file my_file.cif (mmCIF, C-alpha atoms)
data_query
#
loop_
_atom_site.label_atom_id
_atom_site.label_comp_id
_atom_site.auth_asym_id
_atom_site.auth_seq_id
_atom_site.Cartn_x
_atom_site.Cartn_y
_atom_site.Cartn_z
CA SER A 1 117.32 94.34 121.44
CA PRO A 2 118.07 96.03 124.78
CA GLU A 3 121.54 97.13 123.69
CA PHE A 4 123.22 98.58 120.59
CA THR A 5 126.71 99.87 119.84
CA MET A 6 126.91 103.55 118.91
CA VAL A 7 129.81 105.61 117.58
CA GLU A 8 129.29 109.18 118.80
CA TRP A 9 131.45 112.27 118.48
CA TYR A 10 131.30 116.07 118.59
CA ARG A 11 133.19 118.73 116.64
CA HIS A 12 133.92 122.22 117.91
CA ALA A 13 132.68 125.06 115.66
CA PHE A 14 131.42 122.72 112.92
CA ASP A 15 128.36 123.87 110.98
CA LEU A 16 125.77 121.48 109.59
CA GLY A 17 127.45 121.08 106.21
CA ARG A 18 130.84 120.13 107.64
CA MET A 19 129.28 117.67 110.09
CA MET A 20 127.26 115.98 107.35
CA GLU A 21 130.27 115.69 105.06
CA GLU A 22 132.51 114.28 107.78
CA THR A 23 129.89 111.72 108.84
CA ALA A 24 129.24 110.62 105.26
CA ALA A 25 133.02 110.25 104.75
CA PHE A 26 133.33 108.27 108.00
CA ILE A 27 130.58 105.85 106.96
CA SER A 28 131.96 105.54 103.43
CA ALA A 29 135.37 104.61 104.86
CA LEU A 30 133.90 101.79 106.96
CA VAL A 31 131.55 100.32 104.37
CA GLU A 32 133.09 97.95 101.85
CA PRO A 33 133.60 99.84 98.53
CA GLN A 34 131.62 97.28 96.55
CA GLN A 35 128.57 98.03 98.73
CA LEU A 36 128.44 101.68 97.63
CA ALA A 37 126.95 102.12 94.18
CA ALA A 38 127.25 105.92 94.07
CA PRO A 39 128.59 108.91 96.03
CA PRO A 40 126.45 110.22 98.93
CA GLN A 41 123.40 112.26 97.96
CA PHE A 42 122.54 115.32 100.07
CA VAL A 43 118.80 116.05 100.04
CA ASP A 44 116.82 118.52 102.13
CA TYR A 45 113.75 117.20 103.93
CA HIS A 46 111.21 119.33 102.05
CA SER A 47 112.57 118.40 98.62
CA ALA A 48 112.51 114.71 99.53
CA PHE A 49 108.82 114.94 100.47
CA ARG A 50 107.90 116.82 97.31
CA ASP A 51 109.89 114.49 95.04
CA HIS A 52 108.93 111.15 96.61
CA ALA A 53 105.56 111.73 98.29
CA GLY A 54 104.23 114.57 96.13
CA ILE A 55 103.39 116.80 99.09
CA ASP A 56 104.83 119.82 100.86
CA PRO A 57 105.51 118.78 104.48
CA ALA A 58 105.13 122.37 105.71
CA GLU A 59 101.80 123.07 103.99
CA ALA A 60 100.06 119.69 103.69
CA SER A 61 96.96 119.20 105.83
CA LEU A 62 96.65 116.29 108.24
CA ALA A 63 94.12 114.75 105.87
CA ALA A 64 96.63 114.97 103.01
CA LEU A 65 99.32 113.35 105.14
CA ALA A 66 96.93 110.56 106.15
CA GLU A 67 95.98 109.99 102.51
CA SER A 68 99.64 109.90 101.48
CA ALA A 69 100.32 107.29 104.15
CA GLY A 70 97.28 105.23 103.16
CA ALA A 71 96.09 105.35 106.76
CA ASP A 72 92.97 103.51 107.86
CA GLY A 73 90.43 104.72 110.42
CA ARG A 74 92.17 103.07 113.36
CA LEU A 75 95.50 104.72 112.54
CA ILE A 76 93.83 108.09 111.99
CA GLU A 77 92.26 107.81 115.43
CA SER A 78 95.56 106.71 116.97
CA LEU A 79 97.71 109.55 115.56
CA GLY A 80 95.01 112.20 115.80
CA ASP A 81 96.38 115.71 115.29
CA ASP A 82 100.02 114.82 116.01
CA ARG A 83 101.52 116.39 112.89
CA ASP A 84 105.06 115.18 113.53
CA ALA A 85 103.82 111.61 113.94
CA TRP A 86 102.10 111.88 110.55
CA LEU A 87 105.24 113.32 108.97
CA ASP A 88 107.32 110.47 110.41
CA LEU A 89 104.84 107.94 109.01
CA VAL A 90 104.92 109.44 105.52
CA LEU A 91 108.70 109.64 105.72
CA SER A 92 109.00 105.95 106.57
CA LEU A 93 106.37 104.71 104.10
CA ARG A 94 106.65 107.01 101.11
CA VAL A 95 109.97 108.85 101.21
CA VAL A 96 112.76 106.69 102.64
CA PRO A 97 111.85 103.56 100.60
CA ARG A 98 112.62 105.58 97.46
CA PHE A 99 116.14 106.49 98.46
CA GLY A 100 118.79 105.02 96.19
CA ALA A 101 119.58 101.39 96.95
CA GLY A 102 123.22 100.68 97.68
CA SER A 103 124.11 104.31 98.34
CA LEU A 104 124.03 106.89 101.14
CA THR A 105 121.35 109.57 101.36
CA VAL A 106 121.95 112.47 103.75
CA LEU A 107 118.57 113.96 104.68
CA TYR A 108 118.84 117.36 106.34
CA HIS A 109 116.86 120.36 107.63
CA TYR A 110 114.08 118.52 109.42
CA PRO A 111 111.11 120.66 110.57
CA ALA A 112 111.85 122.85 113.60
CA SER A 113 109.18 120.90 115.50
CA GLN A 114 111.50 117.87 115.24
CA ALA A 115 114.63 119.71 116.34
CA ALA A 116 115.01 117.75 119.63
CA LEU A 117 118.43 118.97 120.87
CA ALA A 118 119.35 120.76 117.64
CA ARG A 119 119.41 124.50 117.02
CA ARG A 120 117.13 126.08 114.47
CA CYS A 121 118.78 126.92 111.15
CA PRO A 122 120.17 130.48 111.33
CA GLY A 123 118.99 131.15 107.77
CA ASP A 124 115.50 129.66 108.19
CA ASP A 125 114.06 129.15 111.66
CA SER A 126 111.26 126.94 110.30
CA VAL A 127 113.78 124.09 110.01
CA ALA A 128 116.37 122.57 112.33
CA ASP A 129 120.07 122.03 111.75
CA ARG A 130 119.54 118.27 112.02
CA PHE A 131 120.36 115.43 109.62
CA GLU A 132 120.05 111.68 109.26
CA ILE A 133 121.98 109.36 106.95
CA PHE A 134 120.43 106.34 105.27
CA TYR A 135 121.87 103.44 103.29
CA GLY A 136 118.97 102.69 101.00
CA ASP A 137 116.10 102.61 103.51
CA LEU A 138 118.32 101.70 106.50
CA GLU A 139 118.90 104.58 108.92
CA LEU A 140 122.55 104.76 110.00
CA ALA A 141 123.10 108.09 111.76
CA ASN A 142 121.41 111.03 113.45
CA GLY A 143 123.26 114.30 114.00
CA PHE A 144 122.82 118.03 114.46
CA VAL A 145 124.33 121.35 115.43
CA GLU A 146 123.81 121.55 119.18
CA LEU A 147 121.33 123.97 120.70
CA GLN A 148 123.11 126.35 123.12
CA ASP A 149 120.06 128.14 124.55
CA ALA A 150 119.02 126.74 127.96
CA ARG A 151 115.69 128.59 127.98
CA GLU A 152 114.73 127.26 124.55
CA GLN A 153 115.68 123.73 125.57
CA ALA A 154 113.57 124.02 128.73
CA ARG A 155 110.64 125.20 126.60
CA ARG A 156 111.06 122.17 124.32
CA PHE A 157 111.15 119.80 127.28
CA ALA A 158 107.92 121.32 128.61
CA ALA A 159 106.21 121.09 125.19
CA ASP A 160 107.27 117.45 124.84
CA ARG A 161 105.90 116.63 128.29
CA GLU A 162 102.56 118.20 127.37
CA THR A 163 102.39 116.27 124.10
CA ARG A 164 103.18 112.97 125.79
CA ALA A 165 100.63 113.61 128.51
CA ARG A 166 97.90 114.29 125.94
CA GLY A 167 98.77 111.04 124.20
CA ASN A 168 98.69 109.05 127.45
CA GLN A 169 102.40 108.29 127.07
CA ARG A 170 104.99 108.09 129.82
CA VAL A 171 106.08 111.60 130.81
CA HIS A 172 109.78 111.94 131.53
CA PRO A 173 111.25 114.55 133.89
CA PRO A 174 113.37 117.24 132.21
CA ASP A 175 117.13 116.71 132.22
CA GLU A 176 118.10 119.35 134.76
CA ARG A 177 121.80 118.58 134.43
CA LEU A 178 121.69 119.26 130.71
CA LEU A 179 119.81 122.51 131.27
CA ALA A 180 122.38 123.58 133.88
CA ALA A 181 125.23 122.74 131.52
CA LEU A 182 123.64 124.78 128.73
CA ALA A 183 123.11 127.70 131.10
CA SER A 184 126.77 127.61 132.15
CA GLY A 185 127.84 127.90 128.52
CA LEU A 186 128.13 125.28 125.76
CA PRO A 187 130.71 125.98 123.01
CA ARG A 188 129.40 126.07 119.45
CA CYS A 189 129.58 122.48 118.25
CA ALA A 190 127.91 119.73 116.25
CA GLY A 191 127.57 116.04 117.05
CA VAL A 192 126.40 112.76 115.58
CA ALA A 193 125.71 109.15 116.58
CA VAL A 194 126.18 106.26 114.14
CA GLY A 195 124.77 102.79 114.62
CA PHE A 196 127.88 100.62 114.37
CA GLU A 197 126.09 97.29 114.02
CA ARG A 198 124.11 98.73 111.14
CA LEU A 199 127.36 99.36 109.29
CA LEU A 200 128.30 95.73 109.94
CA MET A 201 124.94 94.65 108.52
CA ILE A 202 125.84 96.32 105.23
CA ASN A 203 129.25 94.67 105.02
CA GLU A 204 127.86 91.28 106.03
CA MET A 205 124.94 91.71 103.61
CA THR A 206 122.30 90.82 106.20
CA ASP A 207 119.04 92.44 107.25
CA ASP A 208 119.12 90.76 110.68
CA ILE A 209 121.01 92.87 113.23
CA ARG A 210 121.29 89.90 115.59
CA LYS A 211 123.79 88.31 113.19
CA VAL A 212 126.30 91.12 113.77
CA GLN A 213 125.79 91.75 117.50
CA THR A 214 128.29 90.44 120.03
CA PHE A 215 125.50 89.44 122.40
CA PRO A 216 122.29 89.06 120.35
CA PHE A 217 119.01 89.13 122.22
CA ASP A 218 116.79 86.11 121.78
CA GLU A 219 113.16 87.08 122.39
CA GLU A 220 112.35 83.55 123.47
CA ASP A 221 114.85 83.92 126.33
CA GLY A 222 113.61 87.41 127.34
#
call {"tool": "encode", "arguments": {"input": "my_file.cif", "output": "structure tokens"}}
result
Amino acid sequence: SPEFTMVEWYRHAFDLGRMMEETAAFISALVEPQQLAAPPQFVDYHSAFRDHAGIDPAEASLAALAESAGADGRLIESLGDDRDAWLDLVLSLRVVPRFGAGSLTVLYHYPASQAALARRCPGDDSVADRFEIFYGDLELANGFVELQDAREQARRFAADRETRARGNQRVHPPDERLLAALASGLPRCAGVAVGFERLLMINEMTDDIRKVQTFPFDEEDG
């Protein structure tokens, strides 16, 4: 679909814990009570990998990640040495499918290499203050404590451009307005975006997002 409805907000001076709790409470308030089998579970990224995939995401070799994902030769050639791509694959194939059905799982402290616009955790700079919330295996939200360092964000943009260029992907120009805003001073805050139609999917008990969209996209008409 070319268009989705997002609910996005930011909270001044919120840390990761408060943002996760508020988002989980927001989702719980919008989902029909009978669709929630248990209270939200808060699980850190590394523990989820160890418990559900049997590997340490920080220490596992690329070969171990490929084996965990059951990758064939073509996929191994396609992903190459892109560690984050391998981690995402294992997450989607081995970890997320084992989250509790009918309940919310809040997955937090993603690797620092997947921080995007999030700051690194003050207590452990190997991980980012970033979280995602799932209902069973359905991703609902992505949030984080905002990075305030313009120089660090510029470095991340440059690293991402290099990675995309090596993979023959489209290279996007850095967001100069964002960098200028960060340089001028961003207050300490956290933010999150929630897929609204995905919440409707839960309440309507459907796995087809087109059934809950105001203007569904028909591929045959595209």
call {"tool": "resolve_selection", "arguments": {"input": "my_file.cif", "expression": "the PyMOL selection byres ((chain A and resi 193) around 7)", "output": "list in words"}}
result
Met6, Val7, Glu8, Trp9, Ala141, Asn142, Gly143, Val192, Val194 and Gly195 of chain A
call {"tool": "residues_near_point", "arguments": {"input": "my_file.cif", "point": "(95.6, 113.1, 106.2)", "cutoff": "12 Å", "atoms": "all atoms listed in the file", "output": "PyMOL selection string"}}
result
chain A and resi 55+57+59-73+75-77+79-83+85-87+89-90
call {"tool": "residues_around", "arguments": {"input": "my_file.cif", "residues": "stretch 91-101 of chain A", "least_positions_apart": "2", "cutoff": "12 Å", "atoms": "all atoms listed in the file", "output": "ChimeraX atom specification"}}
result
/A:35-57,65-71,84-89,103-107,110,132-139,202
call {"tool": "resolve_selection", "arguments": {"input": "my_file.cif", "expression": "the PyMOL selection byres ((chain A and resi 117) around 12)", "output": "VMD selection string"}}
result
chain A and resid 112 to 116 118 to 120 128 to 131 142 to 150 152 to 157 160 175 178 to 179 182 189 to 192
call {"tool": "resolve_selection", "arguments": {"input": "my_file.cif", "expression": "the PyMOL selection byres ((chain A and resi 1) around 9)", "output": "list in words"}}
result
Pro2, Glu3, Phe4, Arg210, Pro216, Phe217, Asp218 and Glu219 of chain A
call {"tool": "atom_distance", "arguments": {"input": "my_file.cif", "atom1": "atom CA of A:Asn203", "atom2": "atom CA of A:Thr23"}}
result
17.5 Å
call {"tool": "build_atoms", "arguments": {"input": "my_file.cif", "residues": "stretch 33-61 of chain A", "atoms": "N, CA and C atoms", "output": "short mmCIF file (atom, residue, chain, number, x, y, z; two decimals), in the coordinates of the input"}}
result
data_model
loop_
_atom_site.label_atom_id
_atom_site.label_comp_id
_atom_site.auth_asym_id
_atom_site.auth_seq_id
_atom_site.Cartn_x
_atom_site.Cartn_y
_atom_site.Cartn_z
N PRO A 33 133.81 99.05 99.76
CA PRO A 33 133.60 99.84 98.53
C PRO A 33 132.57 99.24 97.59
N GLN A 34 132.55 97.92 97.49
CA GLN A 34 131.62 97.28 96.55
C GLN A 34 130.17 97.43 96.98
N GLN A 35 129.94 97.85 98.24
CA GLN A 35 128.57 98.03 98.73
C GLN A 35 128.03 99.44 98.45
N LEU A 36 128.88 100.31 97.92
CA LEU A 36 128.44 101.68 97.63
C LEU A 36 128.38 101.88 96.11
N ALA A 37 127.15 102.02 95.62
CA ALA A 37 126.95 102.12 94.18
C ALA A 37 127.16 103.52 93.64
N ALA A 38 127.14 104.53 94.53
CA ALA A 38 127.25 105.92 94.07
C ALA A 38 127.73 106.79 95.24
N PRO A 39 128.21 108.00 94.95
CA PRO A 39 128.59 108.91 96.03
C PRO A 39 127.37 109.30 96.86
N PRO A 40 127.58 109.80 98.09
CA PRO A 40 126.45 110.22 98.93
C PRO A 40 125.63 111.31 98.27
N GLN A 41 124.31 111.24 98.45
CA GLN A 41 123.40 112.26 97.96
C GLN A 41 122.90 113.08 99.13
N PHE A 42 122.99 114.42 99.01
CA PHE A 42 122.54 115.32 100.07
C PHE A 42 121.21 115.93 99.65
N VAL A 43 120.15 115.64 100.42
CA VAL A 43 118.80 116.05 100.04
C VAL A 43 118.11 116.71 101.23
N ASP A 44 117.53 117.90 101.02
CA ASP A 44 116.82 118.52 102.13
C ASP A 44 115.44 117.88 102.29
N TYR A 45 114.97 117.89 103.51
CA TYR A 45 113.75 117.20 103.93
C TYR A 45 112.56 117.57 103.06
N HIS A 46 112.37 118.87 102.82
CA HIS A 46 111.21 119.33 102.05
C HIS A 46 111.26 118.84 100.61
N SER A 47 112.44 118.88 100.00
CA SER A 47 112.57 118.40 98.62
C SER A 47 112.29 116.91 98.54
N ALA A 48 112.74 116.16 99.54
CA ALA A 48 112.51 114.71 99.53
C ALA A 48 111.01 114.40 99.58
N PHE A 49 110.26 115.15 100.40
CA PHE A 49 108.82 114.94 100.47
C PHE A 49 108.14 115.30 99.15
N ARG A 50 108.53 116.41 98.57
CA ARG A 50 107.90 116.82 97.31
C ARG A 50 108.21 115.83 96.19
N ASP A 51 109.47 115.37 96.13
CA ASP A 51 109.89 114.49 95.04
C ASP A 51 109.33 113.07 95.19
N HIS A 52 109.28 112.56 96.42
CA HIS A 52 108.93 111.15 96.61
C HIS A 52 107.51 110.91 97.11
N ALA A 53 106.93 111.90 97.79
CA ALA A 53 105.56 111.73 98.29
C ALA A 53 104.58 112.68 97.61
N GLY A 54 105.09 113.64 96.86
CA GLY A 54 104.23 114.57 96.13
C GLY A 54 103.50 115.56 97.00
N ILE A 55 104.04 115.85 98.20
CA ILE A 55 103.39 116.80 99.09
C ILE A 55 104.43 117.72 99.71
N ASP A 56 103.98 118.88 100.15
CA ASP A 56 104.83 119.82 100.86
C ASP A 56 104.64 119.57 102.35
N PRO A 57 105.69 119.13 103.06
CA PRO A 57 105.51 118.78 104.48
C PRO A 57 105.14 119.96 105.36
N ALA A 58 105.45 121.18 104.90
CA ALA A 58 105.13 122.37 105.71
C ALA A 58 103.70 122.82 105.50
N GLU A 59 103.13 122.54 104.33
CA GLU A 59 101.80 123.07 103.99
C GLU A 59 100.71 122.01 103.98
N ALA A 60 101.06 120.75 103.82
CA ALA A 60 100.06 119.69 103.69
C ALA A 60 99.18 119.58 104.93
N SER A 61 97.89 119.38 104.72
CA SER A 61 96.96 119.20 105.83
C SER A 61 97.15 117.81 106.43
#
